[in-house]
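Participant: You'll find target.tsv just under this line, and it carries TSV, C-alpha atoms.
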chain	number	residue	atom	x	y	z
A	1	MET	CA	-31.55	271.34	-55.24
A	2	SER	CA	-29.58	273.72	-53.05
A	3	ASN	CA	-26.55	272.24	-51.36
A	4	LYS	CA	-24.90	275.34	-49.89
A	5	ALA	CA	-21.86	274.58	-47.81
A	6	PRO	CA	-19.66	276.66	-45.44
A	7	ILE	CA	-17.59	277.80	-48.42
A	8	ILE	CA	-16.55	281.36	-49.22
A	9	LEU	CA	-15.55	281.60	-52.87
A	10	ALA	CA	-12.35	283.63	-53.36
A	11	VAL	CA	-13.15	285.82	-56.34
A	12	ASP	CA	-9.59	286.70	-57.29
A	13	THR	CA	-9.88	288.27	-60.73
A	14	PRO	CA	-9.56	291.81	-62.10
A	15	ASP	CA	-12.38	291.05	-64.56
A	16	ILE	CA	-15.71	292.12	-63.08
A	17	GLU	CA	-17.79	290.30	-65.68
A	18	LEU	CA	-15.89	287.10	-65.00
A	19	ALA	CA	-16.33	287.60	-61.26
A	20	GLN	CA	-20.08	287.89	-61.78
A	21	LYS	CA	-20.16	284.68	-63.83
A	22	TRP	CA	-18.17	282.81	-61.16
A	23	ILE	CA	-20.57	283.88	-58.43
A	24	GLU	CA	-23.65	283.05	-60.47
A	25	THR	CA	-22.21	279.67	-61.51
A	26	THR	CA	-21.47	278.57	-57.95
A	27	SER	CA	-24.34	280.29	-56.12
A	28	ASP	CA	-26.14	277.00	-55.40
A	29	PHE	CA	-23.18	275.73	-53.40
A	30	ILE	CA	-21.36	278.63	-51.71
A	31	ALA	CA	-22.44	280.49	-48.59
A	32	GLY	CA	-20.43	283.62	-49.39
A	33	TYR	CA	-17.86	285.16	-51.67
A	34	LYS	CA	-14.66	287.06	-50.94
A	35	LEU	CA	-13.65	290.27	-52.66
A	36	GLY	CA	-10.13	291.46	-51.95
A	37	LEU	CA	-8.02	294.55	-52.27
A	38	GLU	CA	-7.24	294.09	-55.97
A	39	PHE	CA	-10.92	293.98	-56.88
A	40	PHE	CA	-11.82	296.88	-54.60
A	41	LEU	CA	-9.07	299.14	-55.95
A	42	ALA	CA	-10.13	298.36	-59.51
A	43	PHE	CA	-13.90	298.72	-59.17
A	44	GLY	CA	-14.62	300.41	-55.82
A	45	SER	CA	-17.93	300.34	-54.02
A	46	GLU	CA	-19.99	300.35	-57.20
A	47	GLY	CA	-18.27	297.20	-58.40
A	48	VAL	CA	-19.03	295.52	-55.10
A	49	ARG	CA	-22.69	296.54	-55.34
A	50	LYS	CA	-22.91	295.12	-58.85
A	51	LEU	CA	-21.77	291.72	-57.62
A	52	GLN	CA	-24.09	291.91	-54.63
A	53	ARG	CA	-26.97	291.98	-57.09
A	54	SER	CA	-25.74	288.69	-58.60
A	55	SER	CA	-26.35	286.40	-55.64
A	56	ASP	CA	-27.89	286.07	-52.22
A	57	ALA	CA	-24.56	284.80	-50.85
A	58	PHE	CA	-23.01	287.01	-48.18
A	59	LEU	CA	-20.05	289.32	-48.83
A	60	PHE	CA	-16.66	288.81	-47.21
A	61	LEU	CA	-14.79	292.08	-47.88
A	62	ASP	CA	-11.13	291.23	-47.45
A	63	LEU	CA	-9.32	294.58	-47.28
A	64	LYS	CA	-6.95	293.63	-44.43
A	65	LEU	CA	-6.92	297.14	-43.00
A	66	HIS	CA	-3.84	297.95	-40.92
A	67	ASP	CA	-3.13	301.50	-39.76
A	68	ILE	CA	-3.54	303.73	-36.73
A	69	PRO	CA	-6.96	303.32	-35.06
A	70	ASN	CA	-8.34	306.65	-36.30
A	71	THR	CA	-7.43	305.93	-39.92
A	72	VAL	CA	-8.90	302.43	-39.83
A	73	SER	CA	-12.09	303.77	-38.27
A	74	HIS	CA	-12.45	306.40	-41.00
A	75	ALA	CA	-11.71	303.84	-43.72
A	76	ILE	CA	-14.44	301.56	-42.41
A	77	SER	CA	-16.87	304.47	-42.32
A	78	GLN	CA	-16.43	304.67	-46.11
A	79	VAL	CA	-17.27	301.01	-46.80
A	80	LYS	CA	-19.74	300.01	-44.10
A	81	SER	CA	-22.70	300.99	-46.30
A	82	LEU	CA	-21.79	297.94	-48.41
A	83	THR	CA	-22.92	295.86	-45.41
A	84	PRO	CA	-20.42	293.02	-45.77
A	85	ARG	CA	-20.95	290.23	-43.30
A	86	PHE	CA	-17.20	290.01	-42.68
A	87	LEU	CA	-14.60	292.79	-43.02
A	88	THR	CA	-10.93	292.07	-42.36
A	89	VAL	CA	-8.31	293.95	-40.39
A	90	HIS	CA	-4.84	292.76	-39.42
A	91	ALA	CA	-4.76	291.52	-35.83
A	92	SER	CA	-1.15	292.73	-35.63
A	93	GLY	CA	-2.51	296.28	-35.81
A	94	GLY	CA	-3.21	295.91	-32.11
A	95	ARG	CA	-6.04	296.00	-29.60
A	96	ALA	CA	-6.90	299.70	-30.02
A	97	MET	CA	-7.08	299.45	-33.81
A	98	ILE	CA	-9.37	296.41	-33.70
A	99	ALA	CA	-11.58	298.04	-31.08
A	100	ALA	CA	-11.87	301.17	-33.23
A	101	ALA	CA	-12.98	299.04	-36.17
A	102	VAL	CA	-15.59	297.27	-34.04
A	103	GLU	CA	-16.89	300.56	-32.68
A	104	GLN	CA	-17.21	302.06	-36.16
A	105	ALA	CA	-19.16	299.10	-37.58
A	106	PRO	CA	-20.93	297.19	-34.78
A	107	ASP	CA	-23.25	295.43	-37.24
A	108	ILE	CA	-20.37	294.01	-39.29
A	109	GLU	CA	-18.37	291.03	-38.09
A	110	ILE	CA	-14.92	292.59	-37.86
A	111	THR	CA	-12.56	289.80	-38.79
A	112	ALA	CA	-8.97	289.71	-37.55
A	113	VAL	CA	-6.32	288.18	-39.79
A	114	THR	CA	-3.69	286.43	-37.68
A	115	VAL	CA	-0.74	285.07	-39.70
A	116	LEU	CA	-0.87	285.04	-43.49
A	117	THR	CA	-0.90	281.55	-44.99
A	118	SER	CA	1.94	282.56	-47.31
A	119	LEU	CA	4.34	282.99	-44.38
A	120	THR	CA	6.65	280.13	-43.50
A	121	PRO	CA	8.22	279.97	-40.02
A	122	GLU	CA	11.41	281.41	-41.53
A	123	ALA	CA	9.56	284.30	-43.15
A	124	LEU	CA	7.69	285.02	-39.92
A	125	SER	CA	10.95	285.17	-38.00
A	126	GLU	CA	12.44	287.45	-40.65
A	127	VAL	CA	9.74	290.08	-40.09
A	128	GLY	CA	10.32	290.05	-36.35
A	129	PHE	CA	7.90	287.54	-34.83
A	130	LYS	CA	9.60	285.68	-31.98
A	131	LYS	CA	7.04	282.86	-31.82
A	132	ASP	CA	6.34	280.24	-34.45
A	133	PRO	CA	3.19	280.53	-36.64
A	134	LEU	CA	1.02	278.48	-34.28
A	135	GLU	CA	1.88	280.41	-31.12
A	136	SER	CA	1.74	283.74	-32.95
A	137	ALA	CA	-1.66	282.98	-34.45
A	138	VAL	CA	-3.16	281.92	-31.11
A	139	THR	CA	-1.79	285.03	-29.39
A	140	LEU	CA	-3.19	287.31	-32.09
A	141	ALA	CA	-6.56	285.52	-32.10
A	142	LEU	CA	-6.98	286.00	-28.35
A	143	LEU	CA	-5.95	289.65	-28.59
A	144	ALA	CA	-8.49	290.20	-31.36
A	145	GLN	CA	-11.27	288.44	-29.49
A	146	HIS	CA	-10.65	290.55	-26.40
A	147	ALA	CA	-10.78	293.69	-28.57
A	148	GLY	CA	-14.23	292.73	-29.86
A	149	ALA	CA	-13.52	290.96	-33.16
A	150	ARG	CA	-16.23	288.45	-33.99
A	151	ALA	CA	-14.27	286.38	-36.48
A	152	ILE	CA	-10.70	285.20	-36.99
A	153	VAL	CA	-8.75	284.31	-40.12
A	154	CYS	CA	-6.02	281.71	-39.70
A	155	SER	CA	-4.38	278.93	-41.65
A	156	PRO	CA	-5.98	275.50	-41.25
A	157	LEU	CA	-2.89	274.32	-39.37
A	158	GLU	CA	-3.70	276.75	-36.54
A	159	THR	CA	-7.47	276.23	-36.54
A	160	HIS	CA	-7.67	273.50	-33.90
A	161	ALA	CA	-5.52	275.41	-31.38
A	162	ILE	CA	-7.34	278.68	-31.98
A	163	ARG	CA	-10.74	277.05	-31.63
A	164	ALA	CA	-9.63	275.60	-28.30
A	165	ALA	CA	-8.40	279.04	-27.20
A	166	VAL	CA	-11.32	281.24	-28.31
A	167	GLY	CA	-14.23	278.87	-27.75
A	168	PRO	CA	-17.25	278.03	-29.91
A	169	GLU	CA	-18.87	281.43	-30.45
A	170	ILE	CA	-16.35	283.21	-32.65
A	171	SER	CA	-16.22	282.39	-36.36
A	172	ILE	CA	-12.98	280.95	-37.72
A	173	ILE	CA	-12.42	281.53	-41.43
A	174	THR	CA	-9.77	279.39	-43.02
A	175	PRO	CA	-7.97	280.06	-46.31
A	176	GLY	CA	-5.18	277.80	-47.54
A	177	ILE	CA	-7.58	275.03	-48.54
A	178	ARG	CA	-6.09	272.68	-51.08
A	179	ARG	CA	-7.14	269.23	-52.19
A	180	ALA	CA	-4.47	266.52	-52.08
A	181	HIS	CA	-3.55	266.76	-55.77
A	182	GLN	CA	-3.27	270.56	-55.56
A	183	ALA	CA	-0.95	270.92	-52.57
A	184	GLY	CA	2.14	273.03	-53.16
A	185	ALA	CA	0.88	274.41	-56.44
A	186	ASP	CA	0.90	278.11	-55.53
A	187	ASP	CA	1.92	280.71	-52.92
A	188	GLN	CA	0.04	279.12	-50.02
A	189	ASN	CA	2.44	277.36	-47.66
A	190	ARG	CA	0.33	276.25	-44.69
A	191	THR	CA	-2.53	274.31	-46.24
A	192	MET	CA	-5.00	271.48	-45.52
A	193	GLY	CA	-7.82	269.61	-47.22
A	194	PRO	CA	-11.37	270.99	-46.89
A	195	LYS	CA	-12.90	268.21	-44.80
A	196	GLN	CA	-9.93	268.16	-42.43
A	197	ALA	CA	-10.16	271.94	-41.92
A	198	VAL	CA	-13.83	271.72	-40.92
A	199	GLN	CA	-13.04	268.88	-38.54
A	200	ALA	CA	-10.31	271.05	-37.00
A	201	GLY	CA	-12.87	273.71	-36.12
A	202	ALA	CA	-13.22	276.04	-39.11
A	203	THR	CA	-16.58	277.78	-39.49
A	204	TYR	CA	-16.00	278.78	-43.11
A	205	LEU	CA	-13.46	277.77	-45.74
A	206	VAL	CA	-12.12	280.29	-48.23
A	207	ILE	CA	-11.66	278.38	-51.47
A	208	GLY	CA	-10.51	279.85	-54.75
A	209	ARG	CA	-8.40	277.96	-57.23
A	210	PRO	CA	-9.73	274.46	-56.42
A	211	ILE	CA	-13.07	275.80	-57.74
A	212	THR	CA	-12.26	278.74	-60.01
A	213	GLY	CA	-9.47	276.80	-61.70
A	214	ALA	CA	-12.13	274.59	-63.27
A	215	TRP	CA	-13.59	277.55	-65.17
A	216	SER	CA	-11.15	276.97	-68.04
A	217	GLN	CA	-13.08	273.77	-68.75
A	218	GLY	CA	-16.43	275.55	-68.72
A	219	ALA	CA	-19.22	276.56	-66.35
A	220	LYS	CA	-20.36	272.96	-65.80
A	221	ALA	CA	-16.88	271.92	-64.69
A	222	MET	CA	-16.81	274.79	-62.22
A	223	ARG	CA	-20.25	273.90	-60.86
A	224	ASP	CA	-19.16	270.29	-60.52
A	225	ALA	CA	-16.01	271.31	-58.63
A	226	ALA	CA	-18.04	273.48	-56.24
A	227	ASP	CA	-20.64	270.73	-55.78
A	228	GLU	CA	-17.99	268.10	-55.09
A	229	ILE	CA	-16.29	270.15	-52.39
A	230	ALA	CA	-19.65	271.24	-50.93
A	231	GLN	CA	-20.65	267.60	-50.52
A	232	GLU	CA	-17.31	266.82	-48.93
A	233	VAL	CA	-17.71	269.42	-46.17
A	234	SER	CA	-21.51	269.47	-45.65
Could you quickly redo this structure as structure tokens?
Facilitator:
Amino acid sequence: MSNKAPIILAVDTPDIELAQKWIETTSDFIAGYKLGLEFFLAFGSEGVRKLQRSSDAFLFLDLKLHDIPNTVSHAISQVKSLTPRFLTVHASGGRAMIAAAVEQAPDIEITAVTVLTSLTPEALSEVGFKKDPLESAVTLALLAQHAGARAIVCSPLETHAIRAAVGPEISIITPGIRRAHQAGADDQNRTMGPKQAVQAGATYLVIGRPITGAWSQGAKAMRDAADEIAQEVS
């Protein structure tokens, strides 16, 4: 029986056959899957199309585009035929850049990344942000919304404040999801449990290692991990 949950599976592997197996194994439980820059540089549009044939889950194409508006617009013109549901740009690229992305692909939910979950307050200050992660993320989310972005990416720790700021219509996509026994195990610094992130206002959760990490124990273990988290947040 299908038990799909608001989960986007982070398919972080340079192995396209493995990526296909992960998607097929979890397809009963995930709403979408995320392909990032590493995958896209390795396999290009044809690799994306191959995976699209593996599942009816939607595609979250996480390229985090960040350049002058004209360049971002032209880049999106090259990938919009893949028809991802979500396509990421960096909110810090500014209002004009986000608006150019929206204009180039009005049928795609241009998704603005606020503050990377890997950045600590100290790291954020080091790169020149005067505000802390929460204030910076809210500011960038509002800027992106006003420029026409239809979705926001933020850490779960900023989700509640951003939801209050942007209202109910815009999608909030939250990476940095870790179960209690997995906290602090990798390069994510601002994390939260899956159920808590949904309660804070997240529309979708990007989850990778809590599910894909079970693959080493076999396909059934991975399905069980996806099912367990899906039940937790459904």
Participant: Taking 6 positions as the minimum chain separation for residues in the same chain, which residues sit within 12 Å of Leu18 (chain A) when counting only C-alpha atoms? Answer as a PyMOL selection string.
Facilitator: chain A and resi 11-12+24-25+39+51+54+212+215-216+219
Participant: To one decimal in Å, tell me the separation between CA of Leu9 (chain A) and CA of Tyr204 (chain A).
Facilitator: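 These two atoms are separated by 10.2 Å.
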Participant: Calculate how many Å separate CA of Ser118 (chain A) from CA of Pro175 (chain A), rounding to one decimal.
Facilitator: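 Computing it gives 10.3 Å between the two atoms.
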Participant: Env of region 95-103 of chain A: 6 Å cut, atoms = all atoms listed in the file, seq-sep filter 5 positions within chain, self excluded. Answer as a list in words.
Facilitator: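 Within the cut-off, the hits are Pro69, Ser73 and Ala147 of chain A.
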Participant: Identify which of the residues A:Leu157, A:Ala225, A:Leu87, A:Ile177 lies closest to Gly213 (chain A), counting all atoms listed in the file when measuring atom-to-atom distances.
Facilitator: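 Residue with the minimum atom-to-atom distance to Gly213 (chain A): A:Ala225.
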Participant: Using all atoms listed in the file, which of A:Pro210, A:Gly201, A:Pro168, A:Gly128 sits nearest Ser155 (chain A)?
Facilitator: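 That would be A:Gly201, the residue with the smallest distance to Ser155 (chain A).
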Participant: Provide region 62-91 of chain A rebuilt to N, CA and C atoms, formatted as a short mmCIF file (atom, residue, chain, number, x, y, z; two decimals), in the coordinates of the input.
Facilitator:
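Dumped to rebuild.cif:
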data_model
loop_
_atom_site.label_atom_id
_atom_site.label_comp_id
_atom_site.auth_asym_id
_atom_site.auth_seq_id
_atom_site.Cartn_x
_atom_site.Cartn_y
_atom_site.Cartn_z
N ASP A 62 -12.45 291.56 -47.99
CA ASP A 62 -11.13 291.23 -47.45
C ASP A 62 -10.13 292.34 -47.78
N LEU A 63 -10.21 293.43 -47.03
CA LEU A 63 -9.32 294.58 -47.28
C LEU A 63 -8.10 294.57 -46.38
N LYS A 64 -8.10 293.75 -45.35
CA LYS A 64 -6.95 293.63 -44.43
C LYS A 64 -6.42 294.99 -44.00
N LEU A 65 -7.30 295.80 -43.43
CA LEU A 65 -6.92 297.14 -43.00
C LEU A 65 -5.90 297.06 -41.86
N HIS A 66 -4.92 297.95 -41.91
CA HIS A 66 -3.84 297.95 -40.92
C HIS A 66 -3.23 299.35 -40.88
N ASP A 67 -3.62 300.12 -39.88
CA ASP A 67 -3.13 301.50 -39.76
C ASP A 67 -3.42 301.96 -38.34
N ILE A 68 -3.21 303.23 -38.06
CA ILE A 68 -3.54 303.73 -36.73
C ILE A 68 -5.05 303.65 -36.53
N PRO A 69 -5.53 303.54 -35.30
CA PRO A 69 -6.96 303.32 -35.06
C PRO A 69 -7.86 304.34 -35.75
N ASN A 70 -7.50 305.62 -35.71
CA ASN A 70 -8.34 306.65 -36.30
C ASN A 70 -8.48 306.47 -37.81
N THR A 71 -7.39 306.13 -38.47
CA THR A 71 -7.43 305.93 -39.92
C THR A 71 -8.26 304.71 -40.28
N VAL A 72 -8.10 303.62 -39.56
CA VAL A 72 -8.90 302.43 -39.83
C VAL A 72 -10.38 302.70 -39.60
N SER A 73 -10.70 303.42 -38.54
CA SER A 73 -12.09 303.77 -38.27
C SER A 73 -12.68 304.58 -39.41
N HIS A 74 -11.95 305.58 -39.90
CA HIS A 74 -12.45 306.40 -41.00
C HIS A 74 -12.57 305.59 -42.29
N ALA A 75 -11.63 304.68 -42.53
CA ALA A 75 -11.71 303.84 -43.72
C ALA A 75 -12.97 302.98 -43.68
N ILE A 76 -13.26 302.41 -42.53
CA ILE A 76 -14.44 301.56 -42.41
C ILE A 76 -15.71 302.37 -42.57
N SER A 77 -15.69 303.63 -42.14
CA SER A 77 -16.87 304.47 -42.32
C SER A 77 -17.22 304.65 -43.79
N GLN A 78 -16.21 304.50 -44.68
CA GLN A 78 -16.43 304.67 -46.11
C GLN A 78 -16.97 303.41 -46.79
N VAL A 79 -16.84 302.27 -46.14
CA VAL A 79 -17.27 301.01 -46.80
C VAL A 79 -18.40 300.31 -46.05
N LYS A 80 -18.75 300.77 -44.88
CA LYS A 80 -19.74 300.01 -44.10
C LYS A 80 -21.13 300.02 -44.73
N SER A 81 -21.41 300.99 -45.62
CA SER A 81 -22.70 300.99 -46.30
C SER A 81 -22.85 299.80 -47.25
N LEU A 82 -21.74 299.15 -47.58
CA LEU A 82 -21.79 297.94 -48.41
C LEU A 82 -22.32 296.74 -47.63
N THR A 83 -22.41 296.90 -46.33
CA THR A 83 -22.92 295.86 -45.41
C THR A 83 -22.32 294.48 -45.65
N PRO A 84 -21.00 294.38 -45.71
CA PRO A 84 -20.42 293.02 -45.77
C PRO A 84 -20.72 292.29 -44.47
N ARG A 85 -20.82 290.98 -44.55
CA ARG A 85 -20.95 290.23 -43.30
C ARG A 85 -19.63 290.25 -42.54
N PHE A 86 -18.52 290.02 -43.27
CA PHE A 86 -17.20 290.01 -42.68
C PHE A 86 -16.34 291.10 -43.34
N LEU A 87 -15.54 291.78 -42.53
CA LEU A 87 -14.60 292.79 -43.02
C LEU A 87 -13.29 292.61 -42.27
N THR A 88 -12.19 292.44 -43.01
CA THR A 88 -10.93 292.07 -42.36
C THR A 88 -10.06 293.26 -41.99
N VAL A 89 -9.40 293.09 -40.84
CA VAL A 89 -8.31 293.95 -40.39
C VAL A 89 -7.18 293.03 -39.96
N HIS A 90 -5.97 293.56 -39.91
CA HIS A 90 -4.84 292.76 -39.42
C HIS A 90 -4.83 292.77 -37.90
N ALA A 91 -4.83 291.60 -37.29
CA ALA A 91 -4.76 291.52 -35.83
C ALA A 91 -3.49 292.16 -35.29
#
